[in-house]
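Colleague: Pasting upload-v5.cif here (mmCIF, C-alpha atoms):
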```cif
data_query
#
loop_
_atom_site.label_atom_id
_atom_site.label_comp_id
_atom_site.auth_asym_id
_atom_site.auth_seq_id
_atom_site.Cartn_x
_atom_site.Cartn_y
_atom_site.Cartn_z
CA MET A 20 27.10 -3.10 1.38
CA GLN A 21 23.69 -1.47 1.64
CA ASN A 22 20.57 -3.26 2.83
CA ILE A 23 17.03 -2.78 1.48
CA ALA A 24 13.86 -2.49 3.56
CA LEU A 25 10.47 -2.86 1.89
CA PHE A 26 7.15 -2.14 3.55
CA ASP A 27 3.56 -2.91 2.72
CA LEU A 28 1.32 0.00 3.70
CA ASP A 29 -2.21 -0.96 4.73
CA HIS A 30 -2.41 -2.81 8.07
CA THR A 31 1.40 -2.80 8.10
CA LEU A 32 2.65 0.78 8.49
CA LEU A 33 -0.96 1.90 8.96
CA PRO A 34 -3.43 0.22 11.33
CA ILE A 35 -6.14 0.79 8.69
CA ASP A 36 -6.68 0.06 5.00
CA SER A 37 -6.22 3.39 3.20
CA ASP A 38 -7.90 2.14 0.03
CA TYR A 39 -11.06 1.01 1.83
CA GLU A 40 -11.10 4.10 4.03
CA TRP A 41 -10.80 6.37 0.97
CA GLY A 42 -13.95 4.77 -0.40
CA GLN A 43 -15.73 5.17 2.92
CA PHE A 44 -14.61 8.80 3.03
CA LEU A 45 -16.09 9.50 -0.43
CA CYS A 46 -19.37 8.00 0.74
CA ARG A 47 -19.34 10.00 3.97
CA ILE A 48 -18.84 13.38 2.28
CA GLY A 49 -21.45 12.64 -0.38
CA ALA A 50 -19.03 12.57 -3.32
CA VAL A 51 -20.41 9.21 -4.49
CA ASP A 52 -23.66 7.30 -4.07
CA ALA A 53 -23.16 5.92 -0.58
CA ASP A 54 -25.41 2.88 -0.96
CA GLU A 55 -24.14 1.60 -4.30
CA PHE A 56 -20.48 2.54 -3.87
CA GLY A 57 -20.42 1.37 -0.27
CA ARG A 58 -21.87 -2.00 -1.27
CA ARG A 59 -19.30 -2.58 -3.99
CA ASN A 60 -16.43 -1.28 -1.85
CA ALA A 61 -17.39 -3.69 0.94
CA GLU A 62 -17.63 -6.60 -1.52
CA PHE A 63 -14.17 -5.93 -2.91
CA PHE A 64 -12.71 -5.54 0.59
CA ALA A 65 -14.17 -8.90 1.63
CA GLN A 66 -12.66 -10.50 -1.49
CA TYR A 67 -9.29 -8.96 -0.66
CA GLN A 68 -9.39 -10.33 2.88
CA ALA A 69 -10.31 -13.77 1.51
CA GLY A 70 -7.55 -13.69 -1.12
CA THR A 71 -10.03 -13.94 -4.01
CA LEU A 72 -9.87 -10.36 -5.29
CA ASP A 73 -9.35 -9.71 -9.00
CA PRO A 74 -6.92 -6.80 -8.65
CA VAL A 75 -7.53 -5.34 -12.11
CA GLU A 76 -11.30 -5.39 -11.63
CA TYR A 77 -10.99 -3.66 -8.28
CA LEU A 78 -8.43 -1.09 -9.39
CA GLU A 79 -10.48 -0.08 -12.41
CA PHE A 80 -13.50 0.31 -10.13
CA ALA A 81 -11.43 2.54 -7.82
CA LEU A 82 -9.73 4.46 -10.63
CA GLY A 83 -13.01 4.83 -12.49
CA THR A 84 -14.38 6.56 -9.42
CA LEU A 85 -11.41 8.95 -9.38
CA ALA A 86 -11.91 9.76 -13.06
CA GLN A 87 -15.31 11.31 -12.27
CA PHE A 88 -13.65 14.31 -10.62
CA SER A 89 -11.34 17.09 -11.73
CA GLY A 90 -7.75 17.05 -10.58
CA GLN A 91 -8.35 20.05 -8.31
CA GLN A 92 -11.40 18.42 -6.74
CA LEU A 93 -9.46 15.22 -6.11
CA ASN A 94 -6.62 17.13 -4.48
CA ASP A 95 -9.07 18.97 -2.23
CA TYR A 96 -10.74 15.70 -1.26
CA HIS A 97 -7.40 14.05 -0.54
CA THR A 98 -6.25 16.93 1.66
CA GLN A 99 -9.41 16.51 3.74
CA PHE A 100 -8.92 12.70 3.75
CA MET A 101 -5.38 13.09 5.09
CA GLN A 102 -6.53 15.43 7.86
CA GLU A 103 -9.56 13.41 8.95
CA VAL A 104 -8.52 9.79 8.35
CA ILE A 105 -4.82 9.27 7.70
CA ASN A 106 -3.06 11.68 10.05
CA PRO A 107 -4.72 10.16 13.16
CA ALA A 108 -3.56 6.72 11.92
CA LEU A 109 0.11 7.73 11.57
CA LEU A 110 1.39 6.19 14.79
CA PRO A 111 4.78 6.50 16.52
CA ALA A 112 5.49 2.77 16.17
CA ALA A 113 5.51 3.05 12.38
CA PHE A 114 7.87 6.04 12.42
CA ASP A 115 10.12 4.26 14.90
CA LEU A 116 10.37 1.19 12.66
CA LEU A 117 11.16 3.30 9.61
CA LYS A 118 13.72 5.27 11.63
CA GLN A 119 15.61 2.07 12.49
CA HIS A 120 16.19 1.42 8.80
CA GLN A 121 16.82 5.07 7.95
CA GLU A 122 19.57 5.26 10.57
CA GLN A 123 21.21 2.20 9.00
CA ASN A 124 21.15 3.99 5.62
CA ASP A 125 19.00 1.21 4.12
CA LEU A 126 17.27 1.75 0.79
CA ILE A 127 13.63 2.08 1.84
CA ALA A 128 10.48 1.70 -0.25
CA ILE A 129 6.78 1.23 0.32
CA ILE A 130 5.24 -1.28 -2.06
CA THR A 131 1.46 -1.34 -1.96
CA ALA A 132 -1.45 -2.73 -3.96
CA THR A 133 -3.29 0.56 -3.44
CA ASN A 134 -3.12 3.13 -6.23
CA ARG A 135 -0.59 5.97 -6.28
CA PHE A 136 -3.19 8.74 -6.01
CA VAL A 137 -4.33 7.50 -2.60
CA THR A 138 -0.89 6.50 -1.30
CA GLN A 139 1.62 9.11 -2.54
CA PRO A 140 0.71 11.70 0.12
CA ILE A 141 0.74 8.97 2.78
CA ALA A 142 4.24 7.85 1.82
CA GLN A 143 5.35 11.48 1.97
CA ALA A 144 3.81 11.89 5.42
CA LEU A 145 5.73 8.81 6.55
CA GLY A 146 8.96 10.27 5.17
CA VAL A 147 9.44 7.53 2.56
CA GLU A 148 10.71 8.75 -0.80
CA HIS A 149 10.23 5.61 -2.87
CA LEU A 150 6.72 4.31 -3.52
CA LEU A 151 5.75 1.39 -5.73
CA ALA A 152 1.99 1.49 -6.20
CA ALA A 153 -0.72 0.71 -8.73
CA GLU A 154 -0.36 3.29 -11.50
CA PRO A 155 -3.40 5.15 -12.88
CA HIS A 156 -3.53 5.74 -16.63
CA PHE A 157 -3.77 9.35 -17.83
CA ASP A 158 -4.87 10.67 -21.21
CA GLU A 159 -2.86 13.16 -23.29
CA GLN A 160 -4.49 16.06 -21.42
CA GLY A 161 -3.34 14.67 -18.08
CA ASN A 162 -6.78 13.47 -17.00
CA LEU A 163 -7.38 10.13 -15.28
CA THR A 164 -9.00 7.65 -17.65
CA GLY A 165 -10.11 5.18 -14.98
CA LYS A 166 -7.82 2.48 -16.33
CA LEU A 167 -4.77 0.82 -14.81
CA ARG A 168 -1.33 1.31 -16.35
CA GLY A 169 0.75 -1.86 -16.38
CA VAL A 170 0.28 -4.78 -14.02
CA PRO A 171 -1.18 -4.48 -10.50
CA THR A 172 1.20 -4.13 -7.56
CA SER A 173 -0.38 -7.04 -5.71
CA GLY A 174 0.61 -10.64 -5.09
CA PRO A 175 3.28 -11.67 -7.60
CA GLY A 176 2.91 -8.22 -9.17
CA LYS A 177 4.85 -6.78 -6.25
CA VAL A 178 7.80 -8.97 -7.23
CA THR A 179 7.52 -7.81 -10.85
CA HIS A 180 7.43 -4.14 -9.88
CA LEU A 181 10.29 -4.50 -7.40
CA HIS A 182 12.58 -6.13 -9.98
CA ALA A 183 11.68 -3.46 -12.56
CA TRP A 184 12.29 -0.61 -10.10
CA LEU A 185 15.66 -2.00 -9.04
CA ALA A 186 16.66 -2.61 -12.66
CA GLN A 187 16.04 1.08 -13.40
CA GLN A 188 18.75 1.79 -10.84
CA GLY A 189 21.08 -0.83 -12.25
CA LYS A 190 20.48 -3.10 -9.26
CA GLN A 191 18.94 -6.44 -8.37
CA LEU A 192 17.72 -7.83 -5.08
CA SER A 193 20.78 -10.04 -4.65
CA ASP A 194 23.02 -6.94 -4.62
CA PHE A 195 21.83 -6.18 -1.09
CA THR A 196 23.40 -7.95 1.89
CA LYS A 197 20.06 -8.05 3.69
CA SER A 198 16.59 -7.54 2.25
CA TYR A 199 13.63 -6.96 4.56
CA PHE A 200 9.93 -7.01 3.75
CA TYR A 201 7.25 -6.19 6.29
CA SER A 202 3.67 -7.21 5.46
CA ASP A 203 0.42 -8.24 7.14
CA SER A 204 -1.15 -10.34 4.39
CA GLN A 205 -0.88 -13.76 2.79
CA ASN A 206 -1.28 -11.93 -0.52
CA ASP A 207 2.34 -10.84 -0.10
CA ILE A 208 3.84 -14.31 0.34
CA PRO A 209 5.43 -14.15 -3.16
CA LEU A 210 7.59 -11.16 -2.15
CA LEU A 211 8.08 -12.30 1.44
CA SER A 212 9.49 -15.53 0.06
CA ILE A 213 12.33 -13.93 -1.91
CA VAL A 214 13.78 -11.54 0.69
CA THR A 215 16.38 -12.62 3.23
CA HIS A 216 14.36 -11.23 6.15
CA PRO A 217 10.57 -11.64 5.79
CA ILE A 218 8.70 -10.17 8.76
CA ALA A 219 5.01 -10.95 9.19
CA THR A 220 3.83 -7.63 10.58
CA ASN A 221 0.43 -7.44 12.28
CA PRO A 222 -0.25 -10.67 10.35
CA ASN A 223 -3.71 -11.92 9.50
CA GLN A 224 -4.44 -15.55 10.35
CA LEU A 225 -3.40 -16.94 6.97
CA LEU A 226 -0.06 -15.17 6.98
CA LEU A 227 0.51 -15.97 10.67
CA ALA A 228 0.07 -19.68 9.96
CA HIS A 229 2.45 -19.50 6.99
CA ALA A 230 5.02 -17.53 8.98
CA GLN A 231 4.94 -20.00 11.86
CA ALA A 232 5.27 -22.95 9.48
CA ASN A 233 8.31 -21.34 7.83
CA GLY A 234 9.99 -19.95 10.92
CA TRP A 235 9.47 -16.33 9.93
CA PRO A 236 9.49 -13.73 12.71
CA THR A 237 6.29 -11.88 13.50
CA LEU A 238 5.87 -8.30 14.67
CA GLN A 239 2.82 -6.74 16.31
CA LEU A 240 3.66 -3.16 15.50
CA PHE A 241 0.58 -1.58 17.04
CA ALA A 242 0.15 -3.80 20.11
CA GLN A 243 0.67 -0.89 22.48
CA HIS A 244 -1.74 1.29 20.52
CA ASP A 245 -4.42 -1.43 20.53
#
```
Take the structure in the file and write it out as structure tokens.
Modeller:
Amino acid sequence: MQNIALFDLDHTLLPIDSDYEWGQFLCRIGAVDADEFGRRNAEFFAQYQAGTLDPVEYLEFALGTLAQFSGQQLNDYHTQFMQEVINPALLPAAFDLLKQHQEQNDLIAIITATNRFVTQPIAQALGVEHLLAAEPHFDEQGNLTGKLRGVPTSGPGKVTHLHAWLAQQGKQLSDFTKSYFYSDSQNDIPLLSIVTHPIATNPNQLLLAHAQANGWPTLQLFAQHD
């Protein structure tokens, strides 16, 4: 029987938050108004850390920003973002953890609250084929509209998206002998609570307390790097 290994992305496989850093990158290169965008980006990030973020409000802010640019311009920006921000944050410890599950022939997926535009190239760089992420809405001409398609991939939304993705393959979570989920955040407790092997990875204080209370193992993936 096959096992399944699920991974959050930001502060789990990456030691940074790719969503926040994308916003900071746009400010730094002058693609957006640094003062106004930076202020709103910081507010949303603080809400995320506190567990009070409205995911739809944030995602439509982020996707609305993307919709200001042509597809070619976005691709050019993202290539530069990968080179300057993401590639230096792709650390051996993350590849080693993924390799453990790859060698066991586990079904592997990244499931992240960040949108697919930002995260698809990161998943590819990590060598992970399957990505469950917030889905941007496109118009009939293939242009981003700035709206979110479907429900957010955050909190209980991760559970919804996981079940839907597995159902597309004719599977359900209980079909797997072992199910792993690695995450850093208390926002992911809904999904952590339904797998057989929840691992609090680089956990924030709220998740650490919950993990300790429930006997979940913890993993400091980047301890050597820090």
Colleague: For segment 56-73 of chain A, please output as a PDB file with C-alpha atoms, keeping the file's coordinate frame all residues within 7 Å (counting all atoms listed in the file; exclusion window: fewer than 4 positions along the same chain).
Modeller:
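Produced file selection-v3.pdb, reproduced below:
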```pdb
ATOM      1  CA  TYR A  39     -11.060   1.010   1.830  1.00  0.00           C
ATOM      2  CA  GLY A  42     -13.950   4.770  -0.400  1.00  0.00           C
ATOM      3  CA  GLN A  43     -15.730   5.170   2.920  1.00  0.00           C
ATOM      4  CA  CYS A  46     -19.370   8.000   0.740  1.00  0.00           C
ATOM      5  CA  VAL A  51     -20.410   9.210  -4.490  1.00  0.00           C
ATOM      6  CA  ASP A  52     -23.660   7.300  -4.070  1.00  0.00           C
ATOM      7  CA  TYR A  77     -10.990  -3.660  -8.280  1.00  0.00           C
ATOM      8  CA  ASN A 206      -1.280 -11.930  -0.520  1.00  0.00           C
TER       9      ASN A 206
END
```
Colleague: Residues proximal to (-3.1, -0.8, 8.8) were defined as those with any atom within 10 Å of that point in the file's coordinates, counting all atoms listed in the file. Which are they, as a ChimeraX atom specification?
Modeller: /A:27-37,108-109,202-203,220-221,240-241
Colleague: Would you mind listing what lies within 10 Å of Leu126 of chain A as a VMD selection string, with only C-alpha atoms counted and same-chain residues fewer than 3 positions away left out?
Modeller: chain A and resid 21 to 25 120 to 121 123 147 to 149 195 198
Colleague: Which residues are close to Pro209 of chain A, i.e. within 9 Å by all atoms listed in the file, leaving aside same-chain residues fewer than 2 positions away? Reply as number ranges by chain.
Modeller: A: 174-178, 205-207, 211-213
Colleague: Report as a PyMOL selection string the residues that result from applying the PyMOL selection byres ((chain A and resi 229) around 12) to the structure here.
Modeller: chain A and resi 203-209+211-212+217-219+222-228+230-237
Colleague: Figure out the distance between atom CA of Phe157 of chain A and atom CA of Ala186 of chain A, please, to one decimal in Å.
Modeller: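 Taking atom CA of Ala186 of chain A and atom CA of Phe157 of chain A, their separation equals 24.2 Å.
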Colleague: Which distance in Å separates atom CA of Asp158 of chain A and atom CA of Glu76 of chain A, to one decimal?
Modeller: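 These atoms are spaced 19.8 Å apart.
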Colleague: Pick from A:Leu116, A:Val75, A:Ile105, A:Ile48: nearest to Asn134 of chain A, with all atoms listed in the file counted?
Modeller: A:Val75
Colleague: Just checking: using all atoms listed in the file, which residue out of A:Ala113, A:His182, A:Asn106, A:Leu93 ends up closest to Leu238 of chain A?
Modeller: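 For Leu238 of chain A, the nearest of the candidates is A:Ala113.
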Colleague: Can you work out the spacing between atom CA of Gln87 of chain A and atom CA of Gln143 of chain A in Å, to one decimal?
Modeller: 25.1 Å
Colleague: Identify, on the basis of all atoms listed in the file, every residue whose closest approach to Leu78 of chain A does not exceed 8 Å; exclude the query and any residue fewer than 5 positions from it along the same chain; express the result as a PyMOL selection string.
Modeller: chain A and resi 134+153+166-167
Colleague: Written as number ranges by chain, what is the full residue list that the PyMOL selection byres ((chain A and resi 162) around 12) yields on the file shown?
Modeller: A: 82-83, 85-91, 93, 155-161, 163-166
Colleague: Calculated over only C-alpha atoms, which of the candidates A:Leu210, A:Ala112, A:Leu145, A:Leu181 has the smallest distance to Gln239 of chain A?
Modeller: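 Checking each candidate against Gln239 of chain A, we get A:Ala112 as the closest.
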Colleague: Which is closer to Leu110 of chain A than all the others in A:Phe136, A:Ala152, A:Ala144, A:His180, using only C-alpha atoms?
Modeller: A:Ala144
Colleague: Closest to Ile127 of chain A among A:Phe114, A:Gly189, A:Leu150, A:Ser173, using only C-alpha atoms?
Modeller: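 The shortest atom-to-atom distance to Ile127 of chain A comes from A:Leu150.
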